[in-house]
Each structure stands twice: as structure tokens, then as C-alpha cells.
file query-v1.cif (mmCIF, C-alpha atoms)
data_coords
#
loop_
_atom_site.label_atom_id
_atom_site.label_comp_id
_atom_site.auth_asym_id
_atom_site.auth_seq_id
_atom_site.Cartn_x
_atom_site.Cartn_y
_atom_site.Cartn_z
CA MET I 1 146.26 120.81 122.81
CA ASP I 2 142.76 119.37 122.73
CA ASN I 3 139.79 119.63 125.09
CA GLY I 4 140.58 123.04 126.54
CA TYR I 5 144.12 122.25 127.71
CA ARG I 6 146.78 124.76 126.73
CA ARG I 7 150.53 124.78 127.24
CA LEU I 8 151.55 128.20 128.52
CA ASP I 9 155.27 127.53 128.82
CA ARG I 10 157.85 124.77 128.38
CA THR I 11 161.25 124.97 130.10
CA LEU I 12 164.10 122.59 129.31
CA VAL I 13 165.39 121.22 132.62
CA HIS I 14 167.92 118.70 131.28
CA LYS I 15 169.01 117.60 127.81
CA GLY I 16 169.91 113.92 127.81
CA HIS I 17 171.34 111.46 125.31
CA ILE I 18 167.98 109.80 124.57
CA VAL I 19 165.44 111.97 126.35
CA ASP I 20 165.01 115.65 127.19
CA PHE I 21 163.34 116.66 130.47
CA TYR I 22 160.99 119.65 130.54
CA GLU I 23 158.71 121.41 132.97
CA ASP I 24 155.46 122.54 131.33
CA ARG I 25 153.02 125.12 132.63
CA ILE I 26 149.57 123.94 131.55
CA GLN I 27 146.22 125.66 131.70
CA LEU I 28 143.62 122.97 132.33
CA ALA I 29 140.13 122.90 130.84
CA ASN I 30 138.77 124.24 134.18
CA GLU I 31 141.16 127.28 133.87
CA SER I 32 143.51 126.09 136.65
CA VAL I 33 147.22 126.41 135.90
CA VAL I 34 149.52 123.54 136.89
CA ASN I 35 153.12 122.41 136.36
CA TRP I 36 153.65 119.05 134.69
CA ASP I 37 156.84 117.11 134.05
CA TYR I 38 157.33 116.16 130.42
CA ILE I 39 159.93 113.89 128.84
CA HIS I 40 160.51 114.19 125.10
CA HIS I 41 161.68 110.93 123.53
CA LYS I 42 162.76 110.53 119.91
CA GLY I 43 160.83 107.28 119.57
CA ALA I 44 161.78 103.63 119.70
CA ALA I 45 161.34 100.49 117.65
CA ALA I 46 161.09 96.90 118.85
CA ILE I 47 160.84 93.57 117.10
CA VAL I 48 159.59 90.05 117.84
CA PRO I 49 162.10 87.79 116.04
CA VAL I 50 160.75 84.35 115.16
CA ALA I 51 163.23 81.53 114.49
CA ASP I 52 162.47 78.87 111.86
CA ASP I 53 161.48 76.45 114.66
CA GLY I 54 158.86 78.95 115.92
CA ARG I 55 160.74 79.97 119.04
CA ILE I 56 160.95 83.67 119.80
CA ILE I 57 164.42 85.19 120.14
CA MET I 58 164.63 87.39 123.21
CA VAL I 59 167.36 89.43 124.86
CA LYS I 60 168.27 89.39 128.53
CA GLN I 61 169.96 92.52 129.84
CA TYR I 62 170.38 94.69 132.92
CA ARG I 63 167.98 97.64 133.20
CA ILE I 64 168.68 100.55 135.54
CA GLY I 65 164.96 101.33 136.05
CA THR I 66 164.35 97.98 137.76
CA GLU I 67 167.95 97.31 138.85
CA THR I 68 167.53 93.77 137.52
CA GLU I 69 168.04 91.80 134.35
CA LEU I 70 164.93 91.71 132.18
CA ILE I 71 163.89 89.44 129.34
CA GLU I 72 162.72 91.61 126.46
CA ILE I 73 162.21 91.72 122.74
CA PRO I 74 165.07 93.52 120.95
CA ALA I 75 164.47 97.28 120.90
CA GLY I 76 166.13 100.64 120.79
CA ALA I 77 165.86 104.31 119.96
CA ILE I 78 165.12 105.51 116.45
CA ASN I 79 168.01 107.50 114.98
CA ALA I 80 167.41 110.93 113.42
CA GLY I 81 165.90 110.49 109.95
CA GLU I 82 165.41 106.73 110.41
CA ASP I 83 162.01 105.14 109.91
CA PRO I 84 160.75 102.79 112.64
CA LYS I 85 160.87 99.61 110.50
CA THR I 86 164.52 100.26 109.59
CA ALA I 87 165.30 100.93 113.26
CA ALA I 88 163.64 97.65 114.28
CA ALA I 89 165.67 95.73 111.68
CA ARG I 90 168.87 97.44 112.87
CA GLU I 91 168.15 96.63 116.52
CA LEU I 92 167.43 92.99 115.60
CA THR I 93 170.88 92.63 114.05
CA GLU I 94 172.75 94.70 116.63
CA GLU I 95 171.30 92.87 119.63
CA THR I 96 170.82 89.29 118.38
CA GLY I 97 173.08 88.76 115.36
CA TYR I 98 170.10 87.95 113.10
CA ALA I 99 168.67 89.69 110.05
CA ALA I 100 165.20 89.08 108.63
CA GLU I 101 163.87 88.46 105.15
CA HIS I 102 160.35 89.44 106.26
CA ILE I 103 159.37 92.18 108.73
CA GLY I 104 155.74 93.00 109.47
CA HIS I 105 154.16 95.69 111.63
CA LEU I 106 152.35 94.57 114.80
CA ILE I 107 151.35 97.47 117.04
CA ASP I 108 152.41 100.91 118.31
CA VAL I 109 152.57 101.52 122.06
CA HIS I 110 152.76 104.79 124.01
CA SER I 111 154.86 103.65 126.95
CA ALA I 112 153.82 106.20 129.59
CA PRO I 113 151.69 108.98 128.04
CA ALA I 114 151.13 110.76 131.36
CA TYR I 115 154.64 112.22 131.13
CA THR I 116 156.49 111.12 127.97
CA SER I 117 156.05 111.33 124.21
CA GLU I 118 157.73 107.93 123.72
CA CYS I 119 156.00 105.73 121.18
CA VAL I 120 157.39 102.24 120.55
CA TYR I 121 156.72 100.89 117.06
CA ILE I 122 156.63 97.09 117.30
CA TYR I 123 157.27 94.67 114.43
CA TYR I 124 157.81 90.95 113.95
CA ALA I 125 160.56 89.29 111.94
CA GLU I 126 160.44 85.95 110.16
CA LYS I 127 162.77 84.05 107.81
CA LEU I 128 165.85 84.90 109.84
CA CYS I 129 169.47 84.46 108.82
CA MET I 130 172.69 85.00 110.73
CA ALA I 131 174.31 88.43 110.59
CA GLU I 132 176.99 90.20 112.60
CA LYS I 133 175.91 91.03 116.15
CA ASN I 134 176.99 94.55 117.08
CA PRO I 135 175.51 95.73 120.40
CA ASP I 136 176.00 99.29 121.61
CA GLU I 137 179.00 99.73 123.92
CA ASP I 138 176.74 99.99 126.97
CA GLU I 139 174.80 96.81 126.17
CA ILE I 140 175.73 93.42 127.63
CA ILE I 141 173.14 91.14 126.10
CA GLU I 142 172.40 87.45 126.40
CA VAL I 143 170.31 86.03 123.55
CA VAL I 144 167.71 83.48 124.68
CA LYS I 145 164.90 81.62 122.87
CA TYR I 146 161.46 80.60 124.12
CA THR I 147 158.32 79.06 122.71
CA MET I 148 155.16 81.15 122.62
CA PRO I 149 153.52 79.12 125.44
CA GLU I 150 156.64 79.63 127.60
CA LEU I 151 156.57 83.39 126.97
CA LEU I 152 152.86 83.67 127.74
CA ASP I 153 153.44 81.79 131.01
CA MET I 154 156.41 84.07 131.83
CA ILE I 155 154.23 87.15 131.27
CA MET I 156 151.37 85.83 133.37
CA ASP I 157 153.57 84.73 136.29
CA GLY I 158 155.55 87.98 136.39
CA ARG I 159 158.89 86.84 135.00
CA ILE I 160 158.40 89.21 132.03
CA THR I 161 157.24 92.67 133.08
CA ASP I 162 158.46 94.96 130.29
CA GLY I 163 155.47 96.69 128.65
CA LYS I 164 156.70 96.73 125.05
CA THR I 165 157.61 93.06 125.31
CA ILE I 166 154.21 92.10 126.69
CA ALA I 167 152.45 94.09 123.95
CA GLY I 168 154.67 92.61 121.24
CA ILE I 169 154.26 89.02 122.40
CA PHE I 170 150.47 89.32 122.75
CA ALA I 171 150.22 91.02 119.34
CA TYR I 172 152.35 88.35 117.65
CA ASN I 173 150.36 85.60 119.38
CA ARG I 174 147.26 87.11 117.74
CA VAL I 175 149.01 86.90 114.34
CA LEU I 176 149.72 83.22 115.02
CA GLN I 177 146.11 82.56 115.97
CA SER I 178 144.84 84.14 112.76
CA ARG I 179 146.96 81.90 110.50
#

call {"tool": "encode", "arguments": {"input": "query-v1.cif", "output": "C-alpha cells"}}
result
Amino acid sequence: MDNGYRRLDRTLVHKGHIVDFYEDRIQLANESVVNWDYIHHKGAAAIVPVADDGRIIMVKQYRIGTETELIEIPAGAINAGEDPKTAAARELTEETGYAAEHIGHLIDVHSAPAYTSECVYIYYAEKLCMAEKNPDEDEIIEVVKYTMPELLDMIMDGRITDGKTIAGIFAYNRVLQSR
């Protein structure tokens, strides 16, 4: 660890399907010793799919963390040995039924670095074609499309609150502005 911080011990509290929960004993730079919760995440990939008409393809699904349906960009965990771009392309097809001829990198986001290692690698997809939708068995997804101005309004008025989605939409908007 940097800046005088040192992990003294890490204890696995629970091994999950996507994340593992640990309790770490950390020696701080001032020599104090504290216990911190730590969640190890295998990483995730997300994608901003852009239809030929310029509308952004989004997914609407129930999320346990908010106990509501959220509007998000397609995303999911990276499988063992899978690179983030491949994972983003896979999630695009699984969740929306589209595949992309062109995928470009946008931004990487650490979702909550105070307690988790999760990094979300965010891409954009253009030149889409239909493919076979194949959501995971625990996903009930509605595919919806919005213009960039509609999405920016939805972010600013609180209808879109998901961090990776906000980062992805703002990053893709920047791409649009630079063209």
C-alpha cells in the first residue's frame, strides 16, 4: 500500500457469486490500526450502444440496491480470462439483442473505492446490427431508446442515478461534441 498504509491481515467473511467480502486490519500512516470492510469484485464492463438514428439504447431493470427499476447502459461482470472490451460486447448482445461493428473505449470508473476494488470499463458501440438477445436467468430487461438530450435531462433531473451510466453518457456526449 502507498503513503504509509499497510494491510496487516485480510479475513474472508463471505464468498459470493460476484463479490467476496473481507475484513482488513490496516495500519494507517499515523500508526493507528483499524478494521476496514473490503469487497473484492472481478471487474465489470459497460457499453453505450448508439443506434443508426443516434438514439442511445438503454436497459430498464430492477435493482435490489435501490429496490426500484433503473435505466442504465448495458453492463455486467467480466468473466475469468475475458478482456473488458469482449465483456462489453457480450453484455450488449445478451441484454439488448444487438451486436456492434465498432466498439471504442470511453472511460474507466472505480464505482466505490472506499470499500470495493470494482472498476467498470466503459465503451461505446456504433454500427449496430441485430443479434440474439440472451439475458442471464436473473435478468428481466426492457430495452428502451433515448436521444442524448433526453438522457442528459434524465440525469440532471434525477431519473437516471446509476453512476456508470452517468459516466458513460457524459463521456459519450464528449465524443459527440468533438466530432

call {"tool": "residues_around", "arguments": {"input": "query-v1.cif", "residues": "Arg6 (chain I)", "least_positions_apart": "3", "cutoff": "12 Å", "atoms": "only C-alpha atoms", "output": "number ranges by chain"}}
result
I: 1-3, 9-10, 24-36

call {"tool": "resolve_selection", "arguments": {"input": "query-v1.cif", "expression": "the PyMOL selection byres ((chain I and resi 95) around 9)", "output": "list in words"}}
result
Val59, Pro74, Ala75, Arg90, Glu91, Leu92, Thr93, Glu94, Thr96, Gly97, Tyr98, Lys133, Asn134, Pro135, Asp136, Glu139, Ile141, Glu142 and Val143 of chain I

call {"tool": "resolve_selection", "arguments": {"input": "query-v1.cif", "expression": "the PyMOL selection byres ((chain I and resi 155) around 12)", "output": "list in words"}}
result
Leu70, Ile71, Glu72, Met148, Pro149, Glu150, Leu151, Leu152, Asp153, Met154, Met156, Asp157, Gly158, Arg159, Ile160, Thr161, Asp162, Gly163, Lys164, Thr165, Ile166, Ala167, Gly168, Ile169 and Phe170 of chain I

call {"tool": "write_last_selection", "arguments": {"input": "query-v1.cif", "atoms": "C-alpha atoms", "output": "short mmCIF file (atom, residue, chain, number, x, y, z; two decimals), in the coordinates of the input"}}
result
data_model
loop_
_atom_site.label_atom_id
_atom_site.label_comp_id
_atom_site.auth_asym_id
_atom_site.auth_seq_id
_atom_site.Cartn_x
_atom_site.Cartn_y
_atom_site.Cartn_z
CA LEU I 70 164.93 91.71 132.18
CA ILE I 71 163.89 89.44 129.34
CA GLU I 72 162.72 91.61 126.46
CA MET I 148 155.16 81.15 122.62
CA PRO I 149 153.52 79.12 125.44
CA GLU I 150 156.64 79.63 127.60
CA LEU I 151 156.57 83.39 126.97
CA LEU I 152 152.86 83.67 127.74
CA ASP I 153 153.44 81.79 131.01
CA MET I 154 156.41 84.07 131.83
CA MET I 156 151.37 85.83 133.37
CA ASP I 157 153.57 84.73 136.29
CA GLY I 158 155.55 87.98 136.39
CA ARG I 159 158.89 86.84 135.00
CA ILE I 160 158.40 89.21 132.03
CA THR I 161 157.24 92.67 133.08
CA ASP I 162 158.46 94.96 130.29
CA GLY I 163 155.47 96.69 128.65
CA LYS I 164 156.70 96.73 125.05
CA THR I 165 157.61 93.06 125.31
CA ILE I 166 154.21 92.10 126.69
CA ALA I 167 152.45 94.09 123.95
CA GLY I 168 154.67 92.61 121.24
CA ILE I 169 154.26 89.02 122.40
CA PHE I 170 150.47 89.32 122.75
#

call {"tool": "atom_distance", "arguments": {"input": "query-v1.cif", "atom1": "CA of Leu106 (chain I)", "atom2": "CA of Val175 (chain I)"}}
result
8.4 Å

call {"tool": "atom_distance", "arguments": {"input": "query-v1.cif", "atom1": "CA of Pro84 (chain I)", "atom2": "CA of Ile39 (chain I)"}}
result
19.7 Å

call {"tool": "closest_residue", "arguments": {"input": "query-v1.cif", "among": "I:Thr68, I:Thr147, I:Thr86, I:Asn79", "to": "Gly104 (chain I)", "atoms": "all atoms listed in the file"}}
result
I:Thr86

call {"tool": "atom_distance", "arguments": {"input": "query-v1.cif", "atom1": "CA of Val48 (chain I)", "atom2": "CA of Ala87 (chain I)"}}
result
13.1 Å

call {"tool": "axis_aligned_box", "arguments": {"input": "query-v1.cif", "around": "region 85-104 of chain I", "padding_each_side": "8 Å", "output": "lines of an AutoDock Vina configuration file"}}
result
center_x = 164.4
center_y = 94.4
center_z = 112.4
size_x = 33.3
size_y = 29.0
size_z = 30.5

call {"tool": "closest_residue", "arguments": {"input": "query-v1.cif", "among": "I:Gly4, I:Pro113, I:Gly43, I:Pro49", "to": "Ala77 (chain I)", "atoms": "all atoms listed in the file"}}
result
I:Gly43
